[in-house]
>>> print(open('target.cif').read())   # mmCIF, C-alpha atoms
data_start
#
loop_
_atom_site.label_atom_id
_atom_site.label_comp_id
_atom_site.auth_asym_id
_atom_site.auth_seq_id
_atom_site.Cartn_x
_atom_site.Cartn_y
_atom_site.Cartn_z
CA MET S 9 173.11 84.17 75.68
CA PRO S 10 170.54 81.51 74.67
CA VAL S 11 166.98 81.72 75.96
CA LYS S 12 166.50 79.19 78.77
CA VAL S 13 163.51 76.88 78.27
CA LEU S 14 161.72 74.57 80.71
CA VAL S 15 159.62 71.91 78.95
CA VAL S 16 156.59 70.61 80.91
CA ASP S 17 154.52 67.70 79.59
CA ASP S 18 153.46 64.30 80.90
CA SER S 19 154.07 62.71 77.48
CA GLY S 20 157.64 61.45 77.29
CA PHE S 21 157.48 61.52 73.49
CA PHE S 22 156.30 65.15 73.36
CA ARG S 23 158.93 66.25 75.89
CA ARG S 24 161.75 64.56 73.96
CA ARG S 25 160.58 65.98 70.65
CA LEU S 26 160.39 69.52 71.99
CA VAL S 27 163.82 69.21 73.57
CA GLU S 28 165.26 68.00 70.23
CA ILE S 29 163.73 70.92 68.34
CA PHE S 30 164.79 73.56 70.87
CA GLU S 31 168.32 72.25 71.35
CA ALA S 32 168.86 72.28 67.57
CA ASP S 33 168.53 76.07 67.59
CA PRO S 34 171.50 77.98 69.06
CA ARG S 35 169.16 80.71 70.35
CA LEU S 36 167.53 78.27 72.79
CA SER S 37 168.81 76.12 75.64
CA VAL S 38 166.64 73.56 77.46
CA VAL S 39 167.53 73.85 81.14
CA GLY S 40 165.13 71.16 82.33
CA THR S 41 161.95 69.16 81.88
CA ALA S 42 159.00 68.27 84.12
CA ASN S 43 156.13 65.79 83.77
CA ASN S 44 153.55 67.49 86.00
CA GLY S 45 152.55 70.91 87.28
CA LYS S 46 154.00 70.46 90.76
CA GLU S 47 157.40 69.54 89.37
CA ALA S 48 157.15 72.52 86.99
CA ILE S 49 156.65 74.93 89.89
CA ASP S 50 159.69 73.53 91.71
CA LYS S 51 161.90 73.72 88.60
CA VAL S 52 160.86 77.27 87.80
CA GLN S 53 162.12 78.19 91.27
CA SER S 54 165.38 76.26 90.99
CA LEU S 55 166.26 76.74 87.31
CA SER S 56 164.92 80.26 86.61
CA PRO S 57 163.99 79.61 82.97
CA ASP S 58 163.24 82.50 80.60
CA VAL S 59 160.18 80.70 79.23
CA VAL S 60 158.10 77.61 80.06
CA THR S 61 156.21 75.41 77.59
CA MET S 62 153.26 73.92 79.47
CA ASP S 63 150.81 71.11 78.78
CA TYR S 64 147.36 71.33 80.36
CA GLU S 65 146.32 67.79 81.22
CA MET S 66 148.89 66.27 83.58
CA PRO S 67 148.89 64.17 86.77
CA VAL S 68 149.45 65.61 90.27
CA MET S 69 148.73 69.18 89.12
CA ASP S 70 147.31 70.42 85.81
CA GLY S 71 148.74 73.22 83.70
CA ILE S 72 146.29 75.93 84.74
CA ALA S 73 147.00 75.45 88.44
CA ALA S 74 150.73 75.41 87.69
CA VAL S 75 150.56 78.63 85.65
CA SER S 76 148.56 80.36 88.39
CA ASN S 77 151.11 79.34 91.03
CA ILE S 78 154.08 80.36 88.87
CA MET S 79 152.60 83.81 88.27
CA LYS S 80 152.17 84.31 92.02
CA THR S 81 155.54 83.00 93.13
CA LYS S 82 157.98 83.60 90.27
CA PRO S 83 156.33 85.19 87.20
CA THR S 84 157.73 83.57 84.06
CA PRO S 85 156.41 83.71 80.47
CA VAL S 86 154.43 80.54 79.67
CA LEU S 87 153.47 79.07 76.29
CA MET S 88 150.55 76.66 76.63
CA PHE S 89 149.89 73.62 74.44
CA SER S 90 146.24 72.68 73.97
CA SER S 91 144.00 70.52 71.82
CA LEU S 92 142.06 72.06 68.92
CA THR S 93 138.64 71.32 70.38
CA HIS S 94 135.90 73.44 71.94
CA GLU S 95 136.86 72.07 75.35
CA GLY S 96 140.52 72.70 74.58
CA ALA S 97 139.61 76.29 73.74
CA LYS S 98 137.93 76.81 77.12
CA VAL S 99 140.94 75.35 78.90
CA THR S 100 143.29 77.58 76.92
CA LEU S 101 141.29 80.68 77.78
CA ASP S 102 141.44 79.67 81.45
CA ALA S 103 145.22 79.33 81.13
CA LEU S 104 145.52 82.77 79.53
CA GLU S 105 143.42 84.22 82.32
CA ALA S 106 145.74 82.53 84.83
CA GLY S 107 148.69 84.31 83.24
CA ALA S 108 149.94 82.28 80.27
CA VAL S 109 151.18 84.53 77.47
CA ASP S 110 150.23 82.53 74.39
CA PHE S 111 149.22 79.08 73.18
CA MET S 112 149.86 76.62 70.38
CA PRO S 113 147.84 73.58 69.28
CA LYS S 114 149.18 70.28 70.57
CA ASN S 115 149.40 68.07 67.52
CA PHE S 116 151.40 64.86 67.86
CA GLU S 117 151.35 64.28 64.10
CA ASP S 118 152.85 67.68 63.32
CA ILE S 119 155.46 67.47 66.04
CA SER S 120 156.54 63.96 64.98
CA ARG S 121 157.20 65.02 61.39
CA ASP S 122 160.57 66.53 60.57
CA SER S 123 158.90 69.67 59.20
CA VAL S 124 161.04 72.77 58.84
CA VAL S 125 157.90 74.94 58.89
CA VAL S 126 156.61 73.42 62.15
CA LYS S 127 160.02 73.71 63.80
CA LYS S 128 160.43 77.34 62.78
CA ALA S 129 156.93 78.26 63.96
CA LEU S 130 157.54 76.63 67.33
CA VAL S 131 160.97 78.19 67.88
CA ASP S 132 159.78 81.63 66.77
CA ARG S 133 156.82 81.47 69.14
CA VAL S 134 158.99 80.43 72.10
CA LEU S 135 161.44 83.26 71.41
CA ALA S 136 158.59 85.77 71.15
CA VAL S 137 156.96 84.59 74.37
CA ALA S 138 160.30 84.80 76.19
CA ARG S 139 160.47 88.51 75.28
CA THR S 140 157.00 89.40 76.53
CA ARG S 141 156.02 91.82 79.28
CA LEU S 142 154.24 89.95 82.05
CA SER S 143 153.11 93.25 83.54
CA GLY S 144 151.22 94.20 80.37
CA GLY S 145 147.66 95.36 81.02
CA GLY S 146 148.15 97.24 84.23
CA GLY S 147 149.12 100.52 82.67
CA SER S 148 152.26 102.54 82.89
CA THR S 149 153.23 104.15 86.17
CA GLU S 150 155.18 106.85 84.32
CA PRO S 151 154.03 109.04 81.44
CA LEU S 152 155.18 107.84 78.03
CA ALA S 153 158.02 109.63 76.30
CA PRO S 154 156.94 112.62 74.19
CA ARG S 155 155.57 111.64 70.77
CA LYS S 156 154.91 113.54 67.57
CA GLU S 157 152.57 116.48 68.12
CA HIS S 158 149.65 115.09 66.11
CA LYS S 159 149.24 112.15 68.49
CA ALA S 160 147.32 112.21 71.72
CA ILE S 161 148.75 110.12 74.53
CA VAL S 162 146.50 108.58 77.14
CA THR S 163 148.23 107.20 80.22
CA ASP S 164 147.54 106.71 83.91
CA ARG S 165 148.85 110.23 84.51
CA GLY S 166 146.17 111.88 82.40
CA VAL S 167 143.77 111.63 79.50
CA ILE S 168 144.36 113.94 76.56
CA ILE S 169 141.18 114.16 74.50
CA PRO S 170 141.30 115.62 70.98
CA ARG S 171 139.03 118.61 70.40
CA SER S 172 137.43 117.35 67.19
CA ARG S 173 135.19 114.30 67.10
CA LYS S 174 133.60 112.70 64.05
CA ARG S 175 130.57 110.49 63.93
CA VAL S 176 131.58 106.85 64.42
CA SER S 177 129.66 104.27 62.37
CA LEU S 178 131.89 101.32 63.32
CA VAL S 179 134.47 100.40 65.95
CA ALA S 180 137.07 97.90 64.69
CA ILE S 181 139.64 96.28 67.00
CA GLY S 182 142.52 94.06 65.86
CA THR S 183 144.85 92.05 68.07
CA SER S 184 146.92 88.87 68.41
CA THR S 185 149.25 87.62 71.17
CA GLY S 186 147.94 88.91 74.49
CA GLY S 187 144.69 89.85 72.79
CA PRO S 188 142.17 87.65 74.61
CA MET S 189 142.81 89.30 77.97
CA ALA S 190 143.27 92.74 76.41
CA LEU S 191 139.92 92.49 74.60
CA GLN S 192 138.29 91.36 77.82
CA ALA S 193 139.68 94.43 79.60
CA VAL S 194 138.44 96.79 76.88
CA LEU S 195 135.02 95.33 76.10
CA SER S 196 134.03 94.90 79.75
CA LYS S 197 134.01 98.72 80.05
CA ILE S 198 131.57 99.29 77.19
CA PRO S 199 127.94 99.82 78.31
CA GLU S 200 124.93 97.88 77.05
CA ASP S 201 123.48 100.98 75.35
CA PHE S 202 126.62 101.62 73.28
CA SER S 203 125.53 103.36 70.10
CA ALA S 204 127.86 101.80 67.51
CA PRO S 205 128.51 98.28 66.22
CA LEU S 206 131.90 96.65 66.83
CA VAL S 207 133.99 94.12 64.92
CA LEU S 208 136.82 92.18 66.56
CA ILE S 209 139.72 90.49 64.77
CA GLN S 210 141.77 88.20 67.02
CA HIS S 211 144.34 85.79 65.60
CA MET S 212 142.96 82.47 66.82
CA PRO S 213 142.26 78.95 65.46
CA ALA S 214 138.79 78.10 64.15
CA ALA S 215 138.05 75.82 67.11
CA PHE S 216 138.69 78.63 69.58
CA THR S 217 136.75 81.67 68.40
CA GLY S 218 133.31 80.30 69.30
CA ALA S 219 134.35 79.60 72.88
CA PHE S 220 136.12 82.96 73.11
CA ALA S 221 133.02 84.83 71.92
CA GLU S 222 130.92 82.96 74.50
CA ARG S 223 133.31 83.96 77.27
CA LEU S 224 133.31 87.61 76.24
CA ASN S 225 129.53 87.60 75.98
CA ASN S 226 129.26 86.26 79.53
CA ILE S 227 131.42 88.97 81.07
CA CYS S 228 130.43 92.00 78.96
CA GLN S 229 127.37 94.24 79.04
CA ILE S 230 127.29 94.36 75.25
CA LYS S 231 126.47 91.27 73.20
CA VAL S 232 129.45 89.42 71.73
CA LYS S 233 129.09 86.62 69.18
CA GLU S 234 131.18 84.74 66.64
CA ALA S 235 130.34 86.30 63.30
CA LYS S 236 128.34 84.40 60.69
CA ASP S 237 128.06 85.35 57.04
CA GLY S 238 125.39 88.02 56.64
CA ASP S 239 125.25 89.08 60.31
CA ARG S 240 123.99 92.64 60.59
CA LEU S 241 126.09 95.37 62.17
CA GLU S 242 124.08 96.46 65.20
CA ALA S 243 124.70 99.02 67.92
CA GLY S 244 125.99 97.40 71.09
CA VAL S 245 126.87 94.12 69.35
CA ALA S 246 130.47 92.96 68.81
CA LEU S 247 131.08 90.44 66.02
CA LEU S 248 134.22 88.31 66.45
CA ALA S 249 135.86 87.14 63.23
CA PRO S 250 135.79 83.33 63.05
CA GLY S 251 139.15 81.57 63.04
CA GLY S 252 140.29 80.21 59.70
CA LYS S 253 138.15 82.73 57.76
CA GLN S 254 138.26 86.35 56.64
CA MET S 255 135.67 88.87 57.79
CA MET S 256 134.82 91.73 55.45
CA ILE S 257 132.51 94.67 56.04
CA ASP S 258 129.63 95.20 53.60
CA SER S 259 127.65 98.46 53.74
CA ARG S 260 124.60 97.00 51.99
CA ASN S 261 121.41 96.12 53.87
CA GLY S 262 122.23 98.66 56.54
CA GLY S 263 125.67 97.16 57.14
CA CYS S 264 126.67 93.52 57.59
CA VAL S 265 129.69 91.21 57.54
CA ARG S 266 130.74 88.72 54.91
CA ILE S 267 132.64 85.65 56.04
CA LEU S 268 134.90 84.26 53.32
CA ASP S 269 137.61 81.64 52.97
CA GLY S 270 139.99 84.31 51.73
CA ASP S 271 143.28 84.17 49.88
CA GLU S 272 145.55 81.30 50.93
CA ARG S 273 148.54 83.59 50.47
CA LEU S 274 147.55 85.65 53.49
CA ASN S 275 149.47 84.79 56.65
CA TYR S 276 146.54 85.35 58.99
CA LYS S 277 143.02 84.00 59.03
CA PRO S 278 141.39 86.19 60.19
CA SER S 279 143.46 89.17 59.08
CA VAL S 280 143.16 92.62 60.62
CA ASP S 281 144.25 94.18 57.33
CA VAL S 282 141.38 92.53 55.43
CA THR S 283 138.67 93.70 57.83
CA PHE S 284 140.13 97.19 58.30
CA GLY S 285 140.58 97.61 54.55
CA SER S 286 136.99 96.68 53.78
CA ALA S 287 135.74 98.95 56.56
CA SER S 288 137.64 101.90 55.08
CA LYS S 289 135.73 101.49 51.82
CA CYS S 290 132.30 101.01 53.40
CA TYR S 291 132.51 103.74 56.04
CA PRO S 292 135.11 106.28 54.87
CA GLY S 293 136.01 108.65 57.66
CA LYS S 294 133.58 106.99 60.10
CA VAL S 295 135.58 104.10 61.58
CA LEU S 296 137.29 104.14 64.97
CA SER S 297 140.03 101.52 64.78
CA VAL S 298 142.28 100.18 67.52
CA VAL S 299 145.37 98.00 67.02
CA MET S 300 146.36 96.22 70.20
CA THR S 301 149.00 93.79 71.46
CA GLY S 302 150.36 91.18 69.06
CA MET S 303 153.29 89.90 67.01
CA GLY S 304 153.93 90.94 63.44
CA VAL S 305 152.56 93.80 61.35
CA ASP S 306 148.98 92.73 60.62
CA GLY S 307 146.81 95.82 60.83
CA ARG S 308 149.37 98.29 59.49
CA GLU S 309 148.15 98.33 55.89
CA GLY S 310 144.52 98.28 56.97
CA ALA S 311 145.26 101.21 59.27
CA ARG S 312 146.85 103.01 56.35
CA MET S 313 143.65 102.59 54.31
CA LEU S 314 141.50 103.76 57.21
CA LYS S 315 143.71 106.78 57.80
CA SER S 316 143.61 107.69 54.10
CA SER S 317 139.81 107.61 54.19
CA GLY S 318 139.73 110.01 57.15
CA SER S 319 139.09 107.50 59.94
CA LYS S 320 140.89 107.41 63.28
CA VAL S 321 143.58 104.92 64.23
CA TRP S 322 144.51 104.25 67.85
CA ILE S 323 147.13 101.89 69.20
CA GLN S 324 147.77 100.31 72.58
CA SER S 325 150.78 101.75 74.40
CA GLU S 326 154.01 99.78 74.44
CA ASP S 327 154.12 99.65 78.24
CA THR S 328 150.79 97.81 78.40
CA CYS S 329 151.27 95.42 75.46
CA VAL S 330 152.25 91.80 75.96
CA ILE S 331 154.03 92.09 72.59
CA TYR S 332 154.49 95.50 71.00
CA GLY S 333 154.60 94.26 67.40
CA MET S 334 151.37 95.17 65.63
CA PRO S 335 150.95 98.55 67.39
CA MET S 336 154.62 99.37 66.80
CA ALA S 337 154.22 98.71 63.06
CA VAL S 338 151.37 101.23 62.97
CA GLU S 339 153.31 103.78 65.01
CA LYS S 340 156.46 103.45 62.90
CA ALA S 341 154.35 104.05 59.78
CA ASN S 342 153.20 107.31 61.44
CA LEU S 343 149.56 106.21 61.31
CA ALA S 344 148.60 106.37 65.02
CA ASP S 345 146.34 109.24 66.10
CA GLU S 346 146.45 108.20 69.76
CA ILE S 347 148.62 105.94 71.89
CA ILE S 348 146.59 104.66 74.82
CA ASP S 349 147.27 102.52 77.88
CA LEU S 350 145.13 99.39 77.92
CA ASN S 351 143.13 100.32 80.99
CA HIS S 352 141.97 103.55 79.27
CA ILE S 353 141.02 102.17 75.85
CA GLY S 354 137.49 101.08 76.79
CA GLU S 355 136.54 104.38 78.39
CA ARG S 356 138.11 106.33 75.49
CA ILE S 357 136.04 104.34 72.97
CA VAL S 358 132.89 105.16 74.91
CA ARG S 359 133.78 108.88 75.03
CA GLU S 360 134.63 108.98 71.34
CA VAL S 361 131.44 107.31 70.19
CA GLY S 362 129.37 109.42 72.61
#
>>> encode(input="target.cif", output="structure tokens")
Amino acid sequence: MPVKVLVVDDSGFFRRRLVEIFEADPRLSVVGTANNGKEAIDKVQSLSPDVVTMDYEMPVMDGIAAVSNIMKTKPTPVLMFSSLTHEGAKVTLDALEAGAVDFMPKNFEDISRDSVVVKKALVDRVLAVARTRLSGGGGSTEPLAPRKEHKAIVTDRGVIIPRSRKRVSLVAIGTSTGGPMALQAVLSKIPEDFSAPLVLIQHMPAAFTGAFAERLNNICQIKVKEAKDGDRLEAGVALLAPGGKQMMIDSRNGGCVRILDGDERLNYKPSVDVTFGSASKCYPGKVLSVVMTGMGVDGREGARMLKSSGSKVWIQSEDTCVIYGMPMAVEKANLADEIIDLNHIGERIVREVG
């Protein structure tokens, strides 16, 4: 059965174009459209779509208010469209906090072109968002199924702490779809006097990472900033990889990051694999890495390098992921040392670093 889509936008052109693209794919069916947030709320109730594409700036009621209402009255996965500006980034982060699953840049030029690449990216994202877990983040109410013996499982029913603990020189966290709220949940539990530096790799456009770092810095006890080339790795400071660039770890000068344009052949900028891989070479056996919610397999090969060097690899549990793609890739490769519910990851990091 096709995925049912509700398209919400006050631009008639954008609505029509999205409908054309979605209806051309047999996996999708547009069940309705709306030109403001109030109408969107009503149509979610009457049409029961599987996914909603939502603009932010609309008359009568904006997208954030609409998302918030939908999540309270009839939770439905929402894909937001937003402008690639600093202000657009802040709005998008507000929408994610209100309950939207993911976002895409709203670009009239791209959407007007008959680009196969743009169409595929849009359809793939809508299908992925439709499959998400809206309850992700709260933690499982039942213990996870038994895993391989070498893995510790941390759930709401108990915390299993490994007996051995190595010195941690760096904490590295990689994530994608669902990551902004997941990172907020984890980092807000880390105290100001945390004794290790952190690096964060979140799939996000260049215009968004600065605003995201500012938001995290405002709500966390530790300092969070968008990484600049040459920034030192400091205890209690989290460096967020800038969008559109690659962040590599350099052990010289007491430890710092290098921000590079990177290979155009890489799918992700920033890439979790790139940062994890460089960390494995700089701090063999001394990295605590965490792969959290997100689509795709970015992080798997970096985790493999970290594991080979003797470092630890943790993943977020399936029950608490918005999308169990990146963590699943690590688990299937038999690289995960621990599988942890989101609401335990922060406290486990603190315990592990000591």
>>> resolve_selection(input="target.cif", expression="the PyMOL selection byres ((chain S and resi 55) around 9)", output="list in words")
Lys12, Leu14, Val39, Gly40, Asp50, Lys51, Val52, Gln53, Ser54, Ser56 and Pro57 of chain S
>>> atom_distance(input="target.cif", atom1="CA of Val361 (chain S)", atom2="CA of Val176 (chain S)")
5.8 Å
>>> residues_near_point(input="target.cif", point="(127.5, 97.4, 50.6)", cutoff="12 Å", atoms="only C-alpha atoms", output="ChimeraX atom specification")
/S:238,240-241,256-266,286-291
>>> closest_residue(input="target.cif", among="S:Phe30, S:Phe89, S:Phe202, S:Phe220", to="Lys128 (chain S)", atoms="all atoms listed in the file")
S:Phe30
>>> resolve_selection(input="target.cif", expression="the PyMOL selection byres ((chain S and resi 233) around 8)", output="ChimeraX atom specification")
/S:218,221-222,225,231-232,234-235,245-248
